[in-house]
Amino acid sequence: MPNGFITNAHRIDPYKNYKFRLLWDQRVVLGVSKVSALKRTTEVVTHRDGGDNSRDHKSPGRTTYEGITLERGITHDPEFEAWANRIHSPSGDPGMDLKDMRKDVVLEMMNERGQVVKRYFLHRCWVSEYTAVPDLDANANAVAIESLKLELEYWERDPETKEPDETAPVPASA
């Protein structure tokens, strides 16, 4: 009975959502602990035929891609703030970096062994929201989280990323 896996026919469990990494500028972004869902929506265009007004016909309309939110614990790594400052610089409009405000981002899902199982390319991303410091609460017992909301034009799955052989040795990370 098919189970959704070709190379690893012995596997019955789907992939988990806790092993992933994010890359921009060809580097892994440090400490990202949460990425919101990749979601696209196609509008429905409803129309009727002139001779048959008793029912609607539906066809696809414009497709939009929702922004994604990235979260990570606050450290001294300046990458989130540096990208957000390209959109709105403390020096005002003349400080906006029109050349480098957009980045292509790569999202990789991994299996429990750390092998990449799915790769998505997020095209022409830019920062629409930046949270530098969360609500602070002296009574809480939590990690301080910073976040970015990225707007993107579209995303696509990398068809070249194939199901890894889970019985093969895992190569050492570079």
# chains A, B, ... in the order shown; residues from 1 in each chain; ligands from 1

call {"tool": "residues_around", "arguments": {"residues": "segment 58-67 of chain A", "least_positions_apart": "3", "cutoff": "9 Å", "atoms": "only C-alpha atoms", "output": "VMD selection string"}}
result
chain A and resid 36 to 48 125 128 149 to 155

call {"tool": "closest_atom_pairs", "arguments": {"of": "segment 51-163 of chain A", "to": "segment 11-17 of chain A", "cutoff": "10 Å", "atoms": "only C-alpha atoms", "output": "Markdown table"}}
result
| residue | atom | partner | partner_atom | distance |
| --- | --- | --- | --- | --- |
| A:Met109 | CA | A:Asn17 | CA | 7.7 |
| A:Met110 | CA | A:Tyr15 | CA | 7.8 |
| A:Asn111 | CA | A:Tyr15 | CA | 6.0 |
| A:Glu112 | CA | A:Lys16 | CA | 7.6 |
| A:Val117 | CA | A:Tyr15 | CA | 8.6 |
| A:Lys118 | CA | A:Tyr15 | CA | 10.0 |

call {"tool": "residues_around", "arguments": {"residues": "segment 92-107 of chain A", "least_positions_apart": "6", "cutoff": "9 Å", "atoms": "only C-alpha atoms", "output": "list in words"}}
result
Phe20, Arg21, Leu22, Leu23, Trp24, Asp25, Gln26, Trp83, Ala84, Asn85, Arg86, Lys118, Arg119, Tyr120, Phe121, Leu122, His123, Arg124, Cys125, Trp126, Val127 and Leu152 of chain A

call {"tool": "write_last_selection", "arguments": {"atoms": "N, CA and C atoms", "output": "compact mmCIF listing (two decimals), in the first residue's frame"}}
result
# COMPACT_ATOMS: atom_id res chain seq x y z
N PHE A 20 14.24 22.60 10.27
CA PHE A 20 14.25 23.45 9.08
C PHE A 20 15.38 24.45 9.20
N ARG A 21 15.68 25.08 8.11
CA ARG A 21 16.63 26.20 8.14
C ARG A 21 16.25 27.19 7.05
N LEU A 22 16.69 28.41 7.27
CA LEU A 22 16.39 29.52 6.37
C LEU A 22 17.71 30.10 5.90
N LEU A 23 17.80 30.42 4.62
CA LEU A 23 19.02 31.00 4.08
C LEU A 23 18.70 32.28 3.31
N TRP A 24 19.52 33.29 3.50
CA TRP A 24 19.51 34.45 2.60
C TRP A 24 20.95 34.90 2.43
N ASP A 25 21.23 35.55 1.34
CA ASP A 25 22.60 35.92 0.98
C ASP A 25 23.51 34.70 1.02
N GLN A 26 23.00 33.53 0.63
CA GLN A 26 23.72 32.26 0.58
C GLN A 26 24.26 31.83 1.95
N TRP A 83 18.37 44.17 7.83
CA TRP A 83 17.47 44.09 6.68
C TRP A 83 16.29 45.03 6.86
N ALA A 84 15.72 45.06 8.04
CA ALA A 84 14.58 45.97 8.30
C ALA A 84 14.99 47.43 8.08
N ASN A 85 16.22 47.79 8.42
CA ASN A 85 16.69 49.17 8.24
C ASN A 85 16.89 49.54 6.77
N ARG A 86 16.97 48.56 5.89
CA ARG A 86 17.06 48.86 4.46
C ARG A 86 15.73 49.41 3.94
N LYS A 118 12.66 18.92 1.47
CA LYS A 118 11.91 19.87 0.64
C LYS A 118 12.64 21.19 0.69
N ARG A 119 12.69 21.87 -0.45
CA ARG A 119 13.34 23.19 -0.51
C ARG A 119 12.40 24.12 -1.27
N TYR A 120 12.20 25.30 -0.70
CA TYR A 120 11.33 26.30 -1.32
C TYR A 120 12.12 27.58 -1.56
N PHE A 121 11.91 28.18 -2.72
CA PHE A 121 12.52 29.46 -3.06
C PHE A 121 11.46 30.54 -2.89
N LEU A 122 11.75 31.53 -2.07
CA LEU A 122 10.84 32.65 -1.82
C LEU A 122 11.44 33.86 -2.55
N HIS A 123 10.72 34.37 -3.53
CA HIS A 123 11.29 35.36 -4.44
C HIS A 123 10.91 36.80 -4.08
N ARG A 124 11.92 37.67 -4.16
CA ARG A 124 11.78 39.12 -4.03
C ARG A 124 11.14 39.52 -2.71
N CYS A 125 11.67 39.00 -1.62
CA CYS A 125 11.16 39.28 -0.27
C CYS A 125 11.65 40.64 0.22
N TRP A 126 10.83 41.29 1.03
CA TRP A 126 11.23 42.53 1.71
C TRP A 126 10.50 42.60 3.04
N VAL A 127 11.05 43.36 3.96
CA VAL A 127 10.54 43.42 5.33
C VAL A 127 9.41 44.43 5.44
N LEU A 152 6.42 38.75 -0.03
CA LEU A 152 7.10 38.10 -1.14
C LEU A 152 6.22 38.11 -2.36

call {"tool": "atom_distance", "arguments": {"atom1": "atom CA of Ala132 of chain A", "atom2": "atom CA of Val28 of chain A"}}
result
20.1 Å

call {"tool": "select_by_dssp", "arguments": {"residues": "segment 41-78 of chain A", "states": "strand (DSSP E or B)", "output": "PDB file with N, CA and C atoms, in the first residue's frame"}}
result
ATOM      1  N   THR A  41      -3.227  31.939  -2.350  1.00  0.00           N
ATOM      2  CA  THR A  41      -4.667  31.902  -2.516  1.00  0.00           C
ATOM      3  C   THR A  41      -5.019  32.388  -3.912  1.00  0.00           C
ATOM      4  N   THR A  42      -5.866  31.657  -4.589  1.00  0.00           N
ATOM      5  CA  THR A  42      -6.350  32.062  -5.907  1.00  0.00           C
ATOM      6  C   THR A  42      -7.795  32.499  -5.771  1.00  0.00           C
ATOM      7  N   GLU A  43      -8.054  33.725  -6.191  1.00  0.00           N
ATOM      8  CA  GLU A  43      -9.418  34.252  -6.126  1.00  0.00           C
ATOM      9  C   GLU A  43     -10.325  33.472  -7.073  1.00  0.00           C
ATOM     10  N   VAL A  44     -11.577  33.388  -6.708  1.00  0.00           N
ATOM     11  CA  VAL A  44     -12.573  32.721  -7.528  1.00  0.00           C
ATOM     12  C   VAL A  44     -13.359  33.794  -8.288  1.00  0.00           C
ATOM     13  N   VAL A  45     -13.400  33.642  -9.613  1.00  0.00           N
ATOM     14  CA  VAL A  45     -14.179  34.559 -10.451  1.00  0.00           C
ATOM     15  C   VAL A  45     -15.464  33.829 -10.816  1.00  0.00           C
ATOM     16  N   THR A  46     -16.578  34.403 -10.415  1.00  0.00           N
ATOM     17  CA  THR A  46     -17.883  33.799 -10.666  1.00  0.00           C
ATOM     18  C   THR A  46     -18.551  34.526 -11.828  1.00  0.00           C
ATOM     19  N   HIS A  47     -19.124  33.762 -12.729  1.00  0.00           N
ATOM     20  CA  HIS A  47     -19.851  34.364 -13.851  1.00  0.00           C
ATOM     21  C   HIS A  47     -21.014  33.449 -14.240  1.00  0.00           C
ATOM     22  N   ARG A  48     -21.932  34.013 -15.016  1.00  0.00           N
ATOM     23  CA  ARG A  48     -23.100  33.258 -15.482  1.00  0.00           C
ATOM     24  C   ARG A  48     -23.208  33.367 -16.992  1.00  0.00           C
ATOM     25  N   ASP A  49     -23.785  32.342 -17.575  1.00  0.00           N
ATOM     26  CA  ASP A  49     -24.087  32.395 -19.000  1.00  0.00           C
ATOM     27  C   ASP A  49     -25.388  33.150 -19.196  1.00  0.00           C
ATOM     28  N   ASP A  52     -28.397  30.840 -19.272  1.00  0.00           N
ATOM     29  CA  ASP A  52     -28.595  29.954 -18.123  1.00  0.00           C
ATOM     30  C   ASP A  52     -28.178  30.692 -16.855  1.00  0.00           C
ATOM     31  N   ASN A  53     -29.093  31.486 -16.297  1.00  0.00           N
ATOM     32  CA  ASN A  53     -28.796  32.270 -15.102  1.00  0.00           C
ATOM     33  C   ASN A  53     -29.068  31.510 -13.804  1.00  0.00           C
ATOM     34  N   SER A  54     -29.405  30.235 -13.908  1.00  0.00           N
ATOM     35  CA  SER A  54     -29.777  29.479 -12.714  1.00  0.00           C
ATOM     36  C   SER A  54     -28.560  28.963 -11.939  1.00  0.00           C
ATOM     37  N   ARG A  55     -27.388  28.992 -12.553  1.00  0.00           N
ATOM     38  CA  ARG A  55     -26.214  28.522 -11.818  1.00  0.00           C
ATOM     39  C   ARG A  55     -24.985  29.340 -12.195  1.00  0.00           C
ATOM     40  N   ASP A  56     -24.053  29.348 -11.263  1.00  0.00           N
ATOM     41  CA  ASP A  56     -22.807  30.080 -11.457  1.00  0.00           C
ATOM     42  C   ASP A  56     -21.748  29.166 -12.045  1.00  0.00           C
ATOM     43  N   HIS A  57     -20.866  29.753 -12.828  1.00  0.00           N
ATOM     44  CA  HIS A  57     -19.653  29.087 -13.294  1.00  0.00           C
ATOM     45  C   HIS A  57     -18.500  29.728 -12.542  1.00  0.00           C
ATOM     46  N   LYS A  58     -17.499  28.954 -12.218  1.00  0.00           N
ATOM     47  CA  LYS A  58     -16.364  29.476 -11.464  1.00  0.00           C
ATOM     48  C   LYS A  58     -15.080  29.206 -12.224  1.00  0.00           C
ATOM     49  N   SER A  59     -14.199  30.196 -12.194  1.00  0.00           N
ATOM     50  CA  SER A  59     -12.886  30.036 -12.816  1.00  0.00           C
ATOM     51  C   SER A  59     -11.844  30.732 -11.938  1.00  0.00           C
ATOM     52  N   PRO A  60     -10.576  30.360 -12.122  1.00  0.00           N
ATOM     53  CA  PRO A  60      -9.545  30.966 -11.293  1.00  0.00           C
ATOM     54  C   PRO A  60      -9.261  32.406 -11.702  1.00  0.00           C
ATOM     55  N   GLY A  61      -8.984  33.221 -10.695  1.00  0.00           N
ATOM     56  CA  GLY A  61      -8.631  34.618 -10.917  1.00  0.00           C
ATOM     57  C   GLY A  61      -7.188  34.863 -10.499  1.00  0.00           C
ATOM     58  N   ARG A  62      -6.949  35.986  -9.857  1.00  0.00           N
ATOM     59  CA  ARG A  62      -5.605  36.392  -9.444  1.00  0.00           C
ATOM     60  C   ARG A  62      -5.134  35.547  -8.248  1.00  0.00           C
ATOM     61  N   THR A  63      -3.855  35.191  -8.267  1.00  0.00           N
ATOM     62  CA  THR A  63      -3.252  34.441  -7.167  1.00  0.00           C
ATOM     63  C   THR A  63      -2.380  35.383  -6.350  1.00  0.00           C
ATOM     64  N   THR A  64      -2.531  35.320  -5.032  1.00  0.00           N
ATOM     65  CA  THR A  64      -1.704  36.125  -4.136  1.00  0.00           C
ATOM     66  C   THR A  64      -0.951  35.197  -3.191  1.00  0.00           C
ATOM     67  N   TYR A  65       0.191  35.674  -2.744  1.00  0.00           N
ATOM     68  CA  TYR A  65       1.042  34.925  -1.824  1.00  0.00           C
ATOM     69  C   TYR A  65       1.112  35.691  -0.523  1.00  0.00           C
ATOM     70  N   ILE A  68       5.248  35.934   5.169  1.00  0.00           N
ATOM     71  CA  ILE A  68       5.601  34.979   6.223  1.00  0.00           C
ATOM     72  C   ILE A  68       6.261  35.726   7.371  1.00  0.00           C
ATOM     73  N   THR A  69       6.120  35.169   8.555  1.00  0.00           N
ATOM     74  CA  THR A  69       6.738  35.746   9.745  1.00  0.00           C
ATOM     75  C   THR A  69       7.838  34.812  10.230  1.00  0.00           C
ATOM     76  N   LEU A  70       8.997  35.400  10.529  1.00  0.00           N
ATOM     77  CA  LEU A  70      10.137  34.668  11.072  1.00  0.00           C
ATOM     78  C   LEU A  70      10.335  35.093  12.507  1.00  0.00           C
ATOM     79  N   GLU A  71      10.592  34.160  13.389  1.00  0.00           N
ATOM     80  CA  GLU A  71      10.845  34.479  14.799  1.00  0.00           C
ATOM     81  C   GLU A  71      12.129  33.814  15.249  1.00  0.00           C
ATOM     82  N   ARG A  72      12.832  34.509  16.130  1.00  0.00           N
ATOM     83  CA  ARG A  72      14.028  33.936  16.742  1.00  0.00           C
ATOM     84  C   ARG A  72      14.298  34.637  18.061  1.00  0.00           C
ATOM     85  N   GLY A  73      15.009  33.960  18.945  1.00  0.00           N
ATOM     86  CA  GLY A  73      15.418  34.548  20.215  1.00  0.00           C
ATOM     87  C   GLY A  73      16.400  35.680  19.970  1.00  0.00           C
TER      88      GLY A  73
END

call {"tool": "select_by_dssp", "arguments": {"residues": "chain A", "states": "alpha helix (DSSP H)", "output": "ChimeraX atom specification"}}
result
/A:79-87

call {"tool": "write_last_selection", "arguments": {"atoms": "N, CA and C atoms", "output": "short mmCIF file (atom, residue, chain, number, x, y, z; two decimals), in the first residue's frame"}}
result
data_model
loop_
_atom_site.label_atom_id
_atom_site.label_comp_id
_atom_site.auth_asym_id
_atom_site.auth_seq_id
_atom_site.Cartn_x
_atom_site.Cartn_y
_atom_site.Cartn_z
N GLU A 79 21.37 40.68 11.81
CA GLU A 79 20.81 40.47 10.48
C GLU A 79 19.35 40.92 10.33
N PHE A 80 18.49 40.60 11.30
CA PHE A 80 17.08 41.01 11.20
C PHE A 80 16.98 42.54 11.13
N GLU A 81 17.63 43.21 12.06
CA GLU A 81 17.54 44.68 12.12
C GLU A 81 18.17 45.32 10.89
N ALA A 82 19.29 44.77 10.42
CA ALA A 82 19.97 45.35 9.25
C ALA A 82 19.07 45.30 8.03
N TRP A 83 18.37 44.17 7.83
CA TRP A 83 17.47 44.09 6.68
C TRP A 83 16.29 45.03 6.86
N ALA A 84 15.72 45.06 8.04
CA ALA A 84 14.58 45.97 8.30
C ALA A 84 14.99 47.43 8.08
N ASN A 85 16.22 47.79 8.42
CA ASN A 85 16.69 49.17 8.24
C ASN A 85 16.89 49.54 6.77
N ARG A 86 16.97 48.56 5.89
CA ARG A 86 17.06 48.86 4.46
C ARG A 86 15.73 49.41 3.94
N ILE A 87 14.64 49.03 4.60
CA ILE A 87 13.32 49.50 4.19
C ILE A 87 13.01 50.85 4.82
#

call {"tool": "atom_distance", "arguments": {"atom1": "atom CA of Val35 of chain A", "atom2": "atom CA of Thr75 of chain A"}}
result
17.7 Å

call {"tool": "atom_distance", "arguments": {"atom1": "atom CA of Leu30 of chain A", "atom2": "atom CA of Glu156 of chain A"}}
result
22.9 Å

call {"tool": "closest_residue", "arguments": {"among": "A:Ser33, A:Ala168, A:Gly50, A:Asp77", "to": "Val143 of chain A", "atoms": "only C-alpha atoms"}}
result
A:Ser33

call {"tool": "closest_residue", "arguments": {"among": "A:Gly114, A:Lys34, A:Ile74, A:His88", "to": "Ala142 of chain A", "atoms": "only C-alpha atoms"}}
result
A:Ile74

call {"tool": "residues_around", "arguments": {"residues": "Thr131 of chain A", "least_positions_apart": "5", "cutoff": "8 Å", "atoms": "only C-alpha atoms", "output": "PDB file with C-alpha atoms, in the first residue's frame"}}
result
ATOM      1  CA  GLU A 146      12.442  39.310  17.689  1.00  0.00           C
ATOM      2  CA  SER A 147      10.501  38.892  14.466  1.00  0.00           C
ATOM      3  CA  LEU A 148      10.371  39.899  10.816  1.00  0.00           C
TER       4      LEU A 148
END
